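structure-v7.csv, holding CSV, C-alpha atoms:
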chain,number,residue,atom,x,y,z
H,27,MET,CA,68.9,-20.9,103.3
H,28,ALA,CA,65.4,-19.4,103.2
H,29,ALA,CA,64.7,-16.0,101.7
H,30,ASN,CA,61.2,-16.1,103.0
H,31,PRO,CA,61.3,-15.2,106.7
H,32,ARG,CA,57.7,-16.1,107.2
H,33,LEU,CA,57.4,-19.8,106.5
H,34,ARG,CA,59.0,-22.5,108.7
H,35,PHE,CA,59.1,-26.2,108.2
H,36,ASP,CA,57.0,-26.6,111.4
H,37,ASP,CA,54.2,-24.5,109.8
H,38,LEU,CA,53.4,-27.2,107.2
H,39,SER,CA,51.5,-30.4,107.5
H,40,VAL,CA,51.1,-33.3,105.2
H,41,GLY,CA,48.0,-33.0,103.0
H,42,GLU,CA,48.1,-29.2,103.1
H,43,SER,CA,47.8,-27.5,99.7
H,44,ARG,CA,47.9,-24.2,98.0
H,45,GLU,CA,46.1,-23.2,94.8
H,46,ALA,CA,46.5,-20.2,92.6
H,47,VAL,CA,45.3,-18.9,89.2
H,48,LEU,CA,48.6,-18.8,87.3
H,49,VAL,CA,47.3,-17.0,84.2
H,50,GLU,CA,43.9,-16.0,82.9
H,51,ASN,CA,43.1,-16.0,79.2
H,52,LEU,CA,46.7,-16.6,78.1
H,53,THR,CA,47.6,-14.2,75.3
H,54,ARG,CA,49.7,-14.9,72.2
H,55,THR,CA,51.6,-11.8,73.4
H,56,GLN,CA,52.7,-13.6,76.6
H,57,ILE,CA,53.8,-16.7,74.6
H,58,VAL,CA,55.9,-14.4,72.3
H,59,GLN,CA,57.3,-12.6,75.3
H,60,TYR,CA,58.3,-15.9,76.8
H,61,ALA,CA,59.9,-17.0,73.5
H,62,GLY,CA,62.0,-13.8,73.6
H,63,ALA,CA,63.0,-14.1,77.2
H,64,SER,CA,63.8,-17.8,77.0
H,65,GLY,CA,65.4,-17.9,73.5
H,66,ASP,CA,63.1,-20.7,72.4
H,67,PHE,CA,62.0,-19.6,68.9
H,68,ASN,CA,60.3,-22.8,67.7
H,69,PRO,CA,57.8,-21.3,65.3
H,70,ILE,CA,55.1,-23.8,66.5
H,71,HIS,CA,54.8,-21.3,69.5
H,72,HIS,CA,54.4,-18.0,67.6
H,73,ASP,CA,53.8,-18.6,63.9
H,74,GLU,CA,50.1,-19.4,63.4
H,75,PRO,CA,50.3,-20.5,59.7
H,76,PHE,CA,53.3,-22.8,60.6
H,77,ALA,CA,51.3,-24.3,63.5
H,78,LYS,CA,48.2,-24.9,61.3
H,79,ALA,CA,50.3,-26.4,58.5
H,80,ALA,CA,51.7,-28.8,61.1
H,81,GLY,CA,48.1,-29.9,61.9
H,82,TYR,CA,47.5,-27.9,65.0
H,83,PRO,CA,44.5,-25.5,65.4
H,84,SER,CA,46.7,-22.6,66.5
H,85,VAL,CA,50.0,-21.9,68.1
H,86,PHE,CA,50.4,-23.3,71.6
H,87,ALA,CA,52.5,-22.3,74.6
H,88,HIS,CA,56.0,-23.6,75.4
H,89,GLY,CA,55.8,-26.3,78.1
H,90,MET,CA,58.4,-24.3,79.9
H,91,LEU,CA,56.0,-21.3,80.1
H,92,SER,CA,53.6,-23.6,82.0
H,93,MET,CA,56.4,-24.8,84.2
H,94,GLY,CA,57.6,-21.3,84.9
H,95,LEU,CA,54.1,-20.2,85.9
H,96,THR,CA,53.8,-23.2,88.2
H,97,GLY,CA,57.1,-22.3,89.8
H,98,ARG,CA,55.6,-19.0,90.8
H,99,LEU,CA,53.1,-20.9,92.9
H,100,LEU,CA,56.0,-22.6,94.7
H,101,THR,CA,58.1,-19.5,95.4
H,102,ASP,CA,55.1,-17.4,96.4
H,103,TRP,CA,54.3,-20.1,99.0
H,104,LEU,CA,57.6,-21.4,100.1
H,105,GLY,CA,60.0,-18.5,99.6
H,106,ASP,CA,63.0,-17.7,97.4
H,107,GLY,CA,66.0,-19.9,97.0
H,108,VAL,CA,64.5,-22.8,99.0
H,109,LEU,CA,63.7,-25.2,96.2
H,110,ARG,CA,65.9,-28.3,96.0
H,111,SER,CA,64.2,-29.9,93.0
H,112,PHE,CA,61.4,-29.2,90.6
H,113,GLY,CA,60.3,-31.7,88.0
H,114,VAL,CA,57.3,-31.8,85.6
H,115,ARG,CA,55.7,-33.8,82.9
H,116,PHE,CA,53.9,-31.9,80.2
H,117,VAL,CA,50.7,-33.9,79.7
H,118,ARG,CA,48.6,-31.6,77.6
H,119,GLN,CA,49.2,-28.5,75.4
H,120,VAL,CA,48.3,-25.0,76.6
H,121,TRP,CA,46.5,-22.8,74.1
H,122,PRO,CA,45.9,-19.1,73.7
H,123,GLY,CA,42.8,-18.2,75.8
H,124,ASP,CA,43.5,-20.9,78.4
H,125,THR,CA,43.3,-20.1,82.1
H,126,LEU,CA,45.6,-22.2,84.3
H,127,THR,CA,45.3,-23.0,87.9
H,128,GLY,CA,48.1,-24.6,89.9
H,129,ARG,CA,47.9,-26.7,93.0
H,130,ALA,CA,50.8,-27.8,95.2
H,131,SER,CA,50.2,-30.3,98.0
H,132,VAL,CA,52.5,-31.3,100.8
H,133,ARG,CA,53.2,-35.1,100.4
H,134,SER,CA,56.1,-35.6,102.8
H,135,LEU,CA,57.9,-33.8,105.6
H,136,GLU,CA,61.3,-34.9,106.7
H,137,ALA,CA,62.8,-33.2,109.8
H,138,ARG,CA,66.5,-32.7,109.8
H,139,ALA,CA,69.0,-30.8,112.0
H,140,GLY,CA,67.9,-27.2,112.0
H,141,GLU,CA,65.8,-27.6,108.8
H,142,GLY,CA,63.3,-29.8,107.1
H,143,LEU,CA,62.8,-31.3,103.7
H,144,VAL,CA,59.3,-30.7,102.2
H,145,GLY,CA,58.1,-33.0,99.4
H,146,LEU,CA,55.3,-31.6,97.2
H,147,GLU,CA,53.0,-32.9,94.5
H,148,LEU,CA,52.0,-30.5,91.7
H,149,VAL,CA,49.2,-30.3,89.2
H,150,THR,CA,48.3,-27.5,86.9
H,151,THR,CA,44.9,-27.6,85.2
H,152,ASN,CA,43.2,-25.6,82.4
H,153,GLN,CA,39.8,-24.0,82.6
H,154,LYS,CA,38.2,-27.4,81.7
H,155,GLY,CA,39.8,-29.0,84.7
H,156,GLU,CA,42.2,-31.0,82.5
H,157,PRO,CA,45.7,-31.4,83.8
H,158,VAL,CA,48.3,-29.7,81.6
H,159,LEU,CA,51.3,-30.4,83.8
H,160,THR,CA,51.9,-32.8,86.7
H,161,GLY,CA,55.1,-32.9,88.8
H,162,GLU,CA,56.8,-32.8,92.1
H,163,ALA,CA,59.1,-30.5,94.0
H,164,THR,CA,61.3,-30.6,97.1
H,165,ALA,CA,62.3,-27.6,99.3
H,166,THR,CA,64.3,-27.1,102.5
H,167,LEU,CA,62.9,-24.8,105.0
H,168,PRO,CA,64.3,-23.7,108.4
H,169,ARG,CA,62.8,-25.0,111.6
H,170,ARG,CA,61.4,-22.9,114.4
H,171,ALA,CA,64.1,-22.3,117.0
E,218,MET,CA,80.1,-34.3,77.5
E,219,SER,CA,79.4,-31.5,75.1
E,220,ASP,CA,81.6,-28.5,74.6
E,221,ALA,CA,81.1,-25.9,77.2
E,222,TYR,CA,79.6,-22.5,76.7
E,223,GLU,CA,79.4,-19.6,79.1
E,224,PHE,CA,76.2,-18.3,80.6
E,225,PRO,CA,76.6,-14.9,82.4
E,226,VAL,CA,73.7,-14.6,84.8
E,227,ASP,CA,72.5,-11.1,84.0
E,228,ARG,CA,69.9,-9.0,86.0
E,229,THR,CA,68.3,-7.7,82.8
E,230,ALA,CA,67.8,-11.2,81.5
E,231,ILE,CA,66.4,-12.3,84.9
E,232,LEU,CA,64.0,-9.4,84.9
E,233,GLY,CA,62.8,-10.1,81.3
E,234,PHE,CA,62.3,-13.8,82.0
E,235,ALA,CA,60.4,-13.1,85.2
E,236,ALA,CA,58.3,-10.5,83.4
E,237,ALA,CA,57.3,-13.0,80.8
E,238,LEU,CA,55.9,-15.2,83.6
E,239,GLY,CA,53.9,-12.3,85.0
E,240,GLU,CA,56.0,-12.4,88.2
E,241,THR,CA,55.6,-9.6,90.8
E,242,ASN,CA,58.4,-10.8,93.1
E,243,ARG,CA,61.0,-8.1,93.7
E,244,ILE,CA,63.8,-10.7,94.2
E,245,TYR,CA,64.0,-10.9,90.4
E,246,TRP,CA,65.0,-7.3,89.8
E,247,ASP,CA,65.3,-5.1,92.9
E,248,GLU,CA,68.8,-5.0,94.3
E,249,ALA,CA,67.9,-3.1,97.5
E,250,TYR,CA,65.1,-5.5,98.3
E,251,ALA,CA,67.4,-8.5,97.6
E,252,ARG,CA,70.1,-7.1,99.9
E,253,ALA,CA,67.6,-7.2,102.8
E,254,THR,CA,66.9,-10.9,102.3
E,255,PRO,CA,69.3,-13.8,103.3
E,256,LEU,CA,70.0,-14.3,99.6
E,257,GLY,CA,71.6,-10.8,99.4
E,258,VAL,CA,71.4,-10.5,95.6
E,259,VAL,CA,68.9,-10.8,92.8
E,260,ILE,CA,68.4,-14.4,91.7
E,261,GLY,CA,66.9,-16.2,88.7
E,262,SER,CA,63.4,-17.7,89.0
E,263,PRO,CA,63.2,-21.5,89.3
E,264,THR,CA,63.2,-22.1,85.5
E,265,PHE,CA,65.6,-19.3,84.6
E,266,ALA,CA,68.3,-21.8,83.5
E,267,ALA,CA,66.2,-22.2,80.3
E,268,ALA,CA,67.4,-18.7,79.3
E,269,SER,CA,70.9,-20.1,78.8
E,270,ALA,CA,69.6,-21.0,75.3
E,271,HIS,CA,70.6,-17.4,74.3
E,272,TRP,CA,74.2,-18.2,74.9
E,273,ASN,CA,74.1,-21.8,73.6
E,274,PRO,CA,76.0,-21.7,70.2
E,275,TRP,CA,74.4,-25.0,69.3
E,276,ALA,CA,70.8,-24.2,70.3
E,277,GLY,CA,68.4,-25.5,67.7
E,278,LEU,CA,65.5,-23.1,68.2
E,279,ARG,CA,67.3,-19.8,67.8
E,280,GLY,CA,65.1,-18.0,65.3
E,281,VAL,CA,67.2,-15.5,63.2
E,282,ARG,CA,69.9,-15.3,65.8
E,283,GLN,CA,73.5,-15.6,64.3
E,284,ILE,CA,75.4,-15.0,67.6
E,285,PRO,CA,77.1,-16.7,69.3
E,286,ALA,CA,78.0,-18.6,66.2
E,287,PRO,CA,78.9,-22.2,66.6
E,288,PRO,CA,82.7,-22.6,66.5
E,289,PRO,CA,84.0,-24.8,63.8
E,290,ARG,CA,84.4,-28.3,65.0
E,291,PRO,CA,86.5,-31.2,63.7
E,292,LYS,CA,83.6,-33.7,63.6
E,293,GLN,CA,80.0,-33.4,62.8
E,294,ARG,CA,77.9,-32.8,65.9
E,295,ALA,CA,75.4,-35.6,66.4
E,296,GLU,CA,73.1,-35.1,63.4
E,297,SER,CA,71.4,-31.8,64.3
E,298,GLY,CA,71.5,-28.6,66.2
E,299,GLY,CA,72.2,-29.5,69.9
E,300,GLU,CA,69.9,-29.6,72.9
E,301,GLY,CA,66.5,-28.3,72.2
E,302,ALA,CA,66.7,-29.5,68.7
E,303,PRO,CA,65.4,-33.0,67.7
E,304,ARG,CA,68.4,-35.3,67.6
E,305,GLY,CA,68.4,-37.4,64.5
E,306,GLY,CA,66.7,-34.7,62.4
E,307,GLY,CA,63.0,-34.0,62.0
E,308,SER,CA,60.9,-31.0,61.8
E,309,LEU,CA,60.4,-28.5,64.6
E,310,ALA,CA,56.7,-29.0,64.2
E,311,ARG,CA,57.1,-32.6,65.4
E,312,LEU,CA,59.2,-31.8,68.5
E,313,LEU,CA,57.4,-31.7,71.9
E,314,HIS,CA,58.9,-31.2,75.3
E,315,GLY,CA,57.9,-34.2,77.4
E,316,GLU,CA,59.5,-33.7,80.8
E,317,GLN,CA,61.7,-31.2,82.5
E,318,ARG,CA,63.5,-31.5,85.9
E,319,PHE,CA,65.8,-29.1,87.8
E,320,GLU,CA,67.9,-29.9,90.7
E,321,TYR,CA,69.1,-26.9,92.6
E,322,HIS,CA,72.5,-27.0,94.3
E,323,GLN,CA,72.7,-23.2,95.0
E,324,PRO,CA,70.7,-20.2,93.9
E,325,MET,CA,71.5,-18.7,90.5
E,326,ARG,CA,72.7,-15.3,91.5
E,327,ALA,CA,72.9,-12.2,89.3
E,328,GLY,CA,76.6,-11.7,88.4
E,329,MET,CA,77.5,-15.3,88.3
E,330,ARG,CA,79.5,-16.5,85.3
E,331,LEU,CA,78.3,-20.0,84.7
E,332,THR,CA,79.7,-22.7,82.5
E,333,VAL,CA,77.2,-25.0,80.8
E,334,THR,CA,77.7,-28.5,79.5
E,335,SER,CA,75.2,-31.0,78.2
E,336,GLN,CA,75.3,-34.7,77.5
E,337,PRO,CA,72.7,-37.1,76.0
E,338,GLY,CA,70.9,-39.3,78.5
E,339,LYS,CA,68.7,-42.2,77.8
E,340,SER,CA,66.7,-42.5,74.6
E,341,TRP,CA,63.7,-44.8,73.9
E,342,GLU,CA,60.7,-45.3,71.7
E,343,LYS,CA,57.0,-45.8,72.4
E,344,GLU,CA,53.9,-46.3,70.3
E,345,GLY,CA,51.7,-43.3,71.0
E,346,LYS,CA,47.9,-43.4,71.0
E,347,ARG,CA,47.6,-40.1,69.0
E,348,GLY,CA,51.0,-39.2,67.7
E,349,GLY,CA,52.1,-42.4,66.1
E,350,LYS,CA,55.5,-43.6,67.0
E,351,LEU,CA,57.1,-41.4,69.7
E,352,ARG,CA,60.9,-41.0,70.1
E,353,PHE,CA,62.1,-39.8,73.5
E,354,THR,CA,65.6,-38.3,74.0
E,355,GLU,CA,66.9,-37.1,77.3
E,356,THR,CA,69.5,-34.4,77.7
E,357,ILE,CA,71.3,-33.6,81.0
E,358,THR,CA,72.7,-30.1,81.4
E,359,GLU,CA,75.0,-29.0,84.1
E,360,TYR,CA,75.4,-25.3,85.2
E,361,ARG,CA,78.6,-24.7,87.2
E,362,ASP,CA,79.9,-21.6,88.9
E,363,GLU,CA,83.4,-20.1,88.6
E,364,ARG,CA,84.8,-22.6,91.0
E,365,GLY,CA,83.4,-25.5,89.2
E,366,GLU,CA,80.6,-26.1,91.8
E,367,LEU,CA,77.3,-27.2,90.5
E,368,VAL,CA,74.5,-24.6,90.6
E,369,VAL,CA,71.7,-26.4,88.7
E,370,THR,CA,71.4,-29.8,87.0
E,371,ALA,CA,68.7,-29.8,84.3
E,372,THR,CA,67.2,-32.9,82.8
E,373,SER,CA,65.1,-32.5,79.7
E,374,VAL,CA,63.1,-35.1,77.7
E,375,GLY,CA,62.3,-34.2,74.1
E,376,ILE,CA,59.7,-36.2,72.1
E,377,ILE,CA,59.7,-36.4,68.3
E,378,THR,CA,56.2,-37.4,67.1
E,379,GLU,CA,55.2,-38.8,63.7
E,380,LYS,CA,52.2,-36.5,63.4
E,381,ALA,CA,50.6,-33.6,65.3
E,382,VAL,CA,49.6,-34.6,68.8
E,383,GLU,CA,46.8,-32.6,70.3
E,384,GLY,CA,45.8,-32.9,73.9

Spit out the file's structure as structure tokens when you get a sec.
Amino acid sequence: MAANPRLRFDDLSVGESREAVLVENLTRTQIVQYAGASGDFNPIHHDEPFAKAAGYPSVFAHGMLSMGLTGRLLTDWLGDGVLRSFGVRFVRQVWPGDTLTGRASVRSLEARAGEGLVGLELVTTNQKGEPVLTGEATATLPRRA
Amino acid sequence: MSDAYEFPVDRTAILGFAAALGETNRIYWDEAYARATPLGVVIGSPTFAAASAHWNPWAGLRGVRQIPAPPPRPKQRAESGGEGAPRGGGSLARLLHGEQRFEYHQPMRAGMRLTVTSQPGKSWEKEGKRGGKLRFTETITEYRDERGELVVTATSVGIITEKAVEG
């Protein structure tokens, strides 16, 4: 079931990709806001003295914040309620001040009766071009009548 | 299988979670907009299942939160505070989130009353280049609707490091 009436399976081709800036100059406020919304109060994400005592230069963002931001790229492109799976590896920390850019690329297209399964590869990078998250997602989209 | 806890899918919680991600999509708060889509109702964003931590009585990263209190249990729960907390003890400063995967069986709709259960998956160790010995533990969490049908399956891999890992 697609909530996005615009995009159809037939509109996509393998190799096609979408890129978007997911956050610019990430603030500690957003990290704290995410902590409150998600219920993840590990002090490493909001308590600077705690993070420094643990050997880190500052607090850093929840991996799940990066994943959530990356999810926005998927839903903005593919539509709402169409994802079948979404999996990521957190490969590098995200720090206050970071700017993240996500890219989703179509890796596979599998036509089925009335719909199609889209396989995507994901990478989110920081302002230095270093990947912070890699992953993959699948979605089902309706076909053109 | 762990003890179950409830997770009422609440529109205010969906809004707060989407807001923290900088979302602008109306599907996360606007009922009139949602009614005009095939979904029909406000739904959670793709990672919203994470917000069930608020309702998890055994969540390990709860800050000052005292409710819901963990019910008394006959035997000690495996060493520490439940999913999200390092199993086998260890400091929160040494806990990293390595991987996360969601499988979506149906949209998480506002108004659903979900039941959440977790079970440990695989666990393994690896010698890290920067963080010393790394201990990986997998947790598989199922979110089911009122009829027992799966809504989301979440697989999380936590890493306990020997020292700070910066990347």

Could you give me, as a tab-separated table, a per-residue list for chain H showing, wherever an atom lies at most 7 Å from an atom of chain E, the closest pair of atoms and their distance in Å to one decimal, using only C-alpha atoms and sorting by chain then residue number from low to high?
residue	atom	partner	partner_atom	distance
H:Ala28	CA	E:Pro255	CA	6.8
H:Ala29	CA	E:Pro255	CA	5.3
H:Gln56	CA	E:Ala237	CA	6.3
H:Gln59	CA	E:Ala237	CA	5.5
H:Tyr60	CA	E:Ala237	CA	5.0
H:Ala63	CA	E:Phe234	CA	4.9
H:Ser64	CA	E:Ala268	CA	4.4
H:Gly65	CA	E:His271	CA	5.3
H:Asp66	CA	E:Leu278	CA	5.4
H:Phe67	CA	E:Leu278	CA	5.0
H:Asn68	CA	E:Leu278	CA	5.2
H:Ile70	CA	E:Ala310	CA	5.9
H:Ala80	CA	E:Ala310	CA	5.9
H:Gly81	CA	E:Ala381	CA	5.6
H:Tyr82	CA	E:Ala381	CA	6.5
H:Gly89	CA	E:His314	CA	6.4
H:Gly94	CA	E:Thr264	CA	5.7
H:Leu95	CA	E:Leu238	CA	5.8
H:Gly97	CA	E:Pro263	CA	6.2
H:Gly107	CA	E:Pro324	CA	5.6
H:Leu109	CA	E:Tyr321	CA	6.7
H:Arg110	CA	E:Tyr321	CA	4.9
H:Ser111	CA	E:Glu320	CA	4.4
H:Phe112	CA	E:Phe319	CA	5.2
H:Gly113	CA	E:Arg318	CA	3.8
H:Val114	CA	E:Gln317	CA	5.4
H:Arg115	CA	E:Glu316	CA	4.3
H:Phe116	CA	E:Gly315	CA	5.4
H:Arg118	CA	E:Gly384	CA	4.8
H:Gln119	CA	E:Gly384	CA	5.8

Show me the residues close to (78.4, -18.1, 81.8) - anything with an atom within 7 Å, counting all atoms listed in the file - and format the list as a PDB file with C-alpha atoms, keeping the file's coordinate frame.
ATOM      1  CA  TYR E 222      79.600 -22.500  76.700  1.00  0.00           C
ATOM      2  CA  GLU E 223      79.400 -19.600  79.100  1.00  0.00           C
ATOM      3  CA  PHE E 224      76.200 -18.300  80.600  1.00  0.00           C
ATOM      4  CA  PRO E 225      76.600 -14.900  82.400  1.00  0.00           C
ATOM      5  CA  VAL E 226      73.700 -14.600  84.800  1.00  0.00           C
ATOM      6  CA  ARG E 330      79.500 -16.500  85.300  1.00  0.00           C
ATOM      7  CA  LEU E 331      78.300 -20.000  84.700  1.00  0.00           C
ATOM      8  CA  THR E 332      79.700 -22.700  82.500  1.00  0.00           C
TER       9      THR E 332
END

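The gap separating atom CA of H:Ala130 from atom CA of E:Val259 is 24.9 Å, in Å to one decimal.
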
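The spacing separating atom CA of H:Glu42 from atom CA of H:Val108 amounts to 18.1 Å.
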
Need the shell around H:Leu135: protein/DNA/RNA residues with any atom at most 10 Å away, counting only C-alpha atoms. Skip same-chain ones fewer than 4 positions apart. Format as a count of residues only?
13

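Computed from the coordinates, the atom CA of E:Pro274 to atom CA of E:Arg361 distance equals 17.5 Å.
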
Is it possible to get the residues within 6 Å of (54.0, -37.2, 69.2) (coordinates as in the file, counting only C-alpha atoms) written as number ranges by chain?
E: 348, 351, 377-379, 382

Would you save the residues of that selection, restricted to C-alpha atoms, as a short mmCIF file (atom, residue, chain, number, x, y, z; two decimals), keeping the file's coordinate frame?
data_model
loop_
_atom_site.label_atom_id
_atom_site.label_comp_id
_atom_site.auth_asym_id
_atom_site.auth_seq_id
_atom_site.Cartn_x
_atom_site.Cartn_y
_atom_site.Cartn_z
CA GLY E 348 51.00 -39.20 67.70
CA LEU E 351 57.10 -41.40 69.70
CA ILE E 377 59.70 -36.40 68.30
CA THR E 378 56.20 -37.40 67.10
CA GLU E 379 55.20 -38.80 63.70
CA VAL E 382 49.60 -34.60 68.80
#

List the spatial neighbours of H:Trp121 as a PDB file with C-alpha atoms, in the coordinates of the input - criterion: any atom at most 9 Å away, only C-alpha atoms, same-chain residues fewer than 5 positions off excluded.
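Once written, result_9.pdb looks like this:
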ATOM      1  CA  LEU H  52      46.700 -16.600  78.100  1.00  0.00           C
ATOM      2  CA  THR H  53      47.600 -14.200  75.300  1.00  0.00           C
ATOM      3  CA  ARG H  54      49.700 -14.900  72.200  1.00  0.00           C
ATOM      4  CA  SER H  84      46.700 -22.600  66.500  1.00  0.00           C
ATOM      5  CA  VAL H  85      50.000 -21.900  68.100  1.00  0.00           C
ATOM      6  CA  PHE H  86      50.400 -23.300  71.600  1.00  0.00           C
ATOM      7  CA  ALA H  87      52.500 -22.300  74.600  1.00  0.00           C
TER       8      ALA H  87
END

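Minimum atom-to-atom distances from E:Asp247, E:Glu366, E:Asp227, E:Glu344 to E:Met329 were compared using only C-alpha atoms, and the lowest value belongs to E:Asp227.
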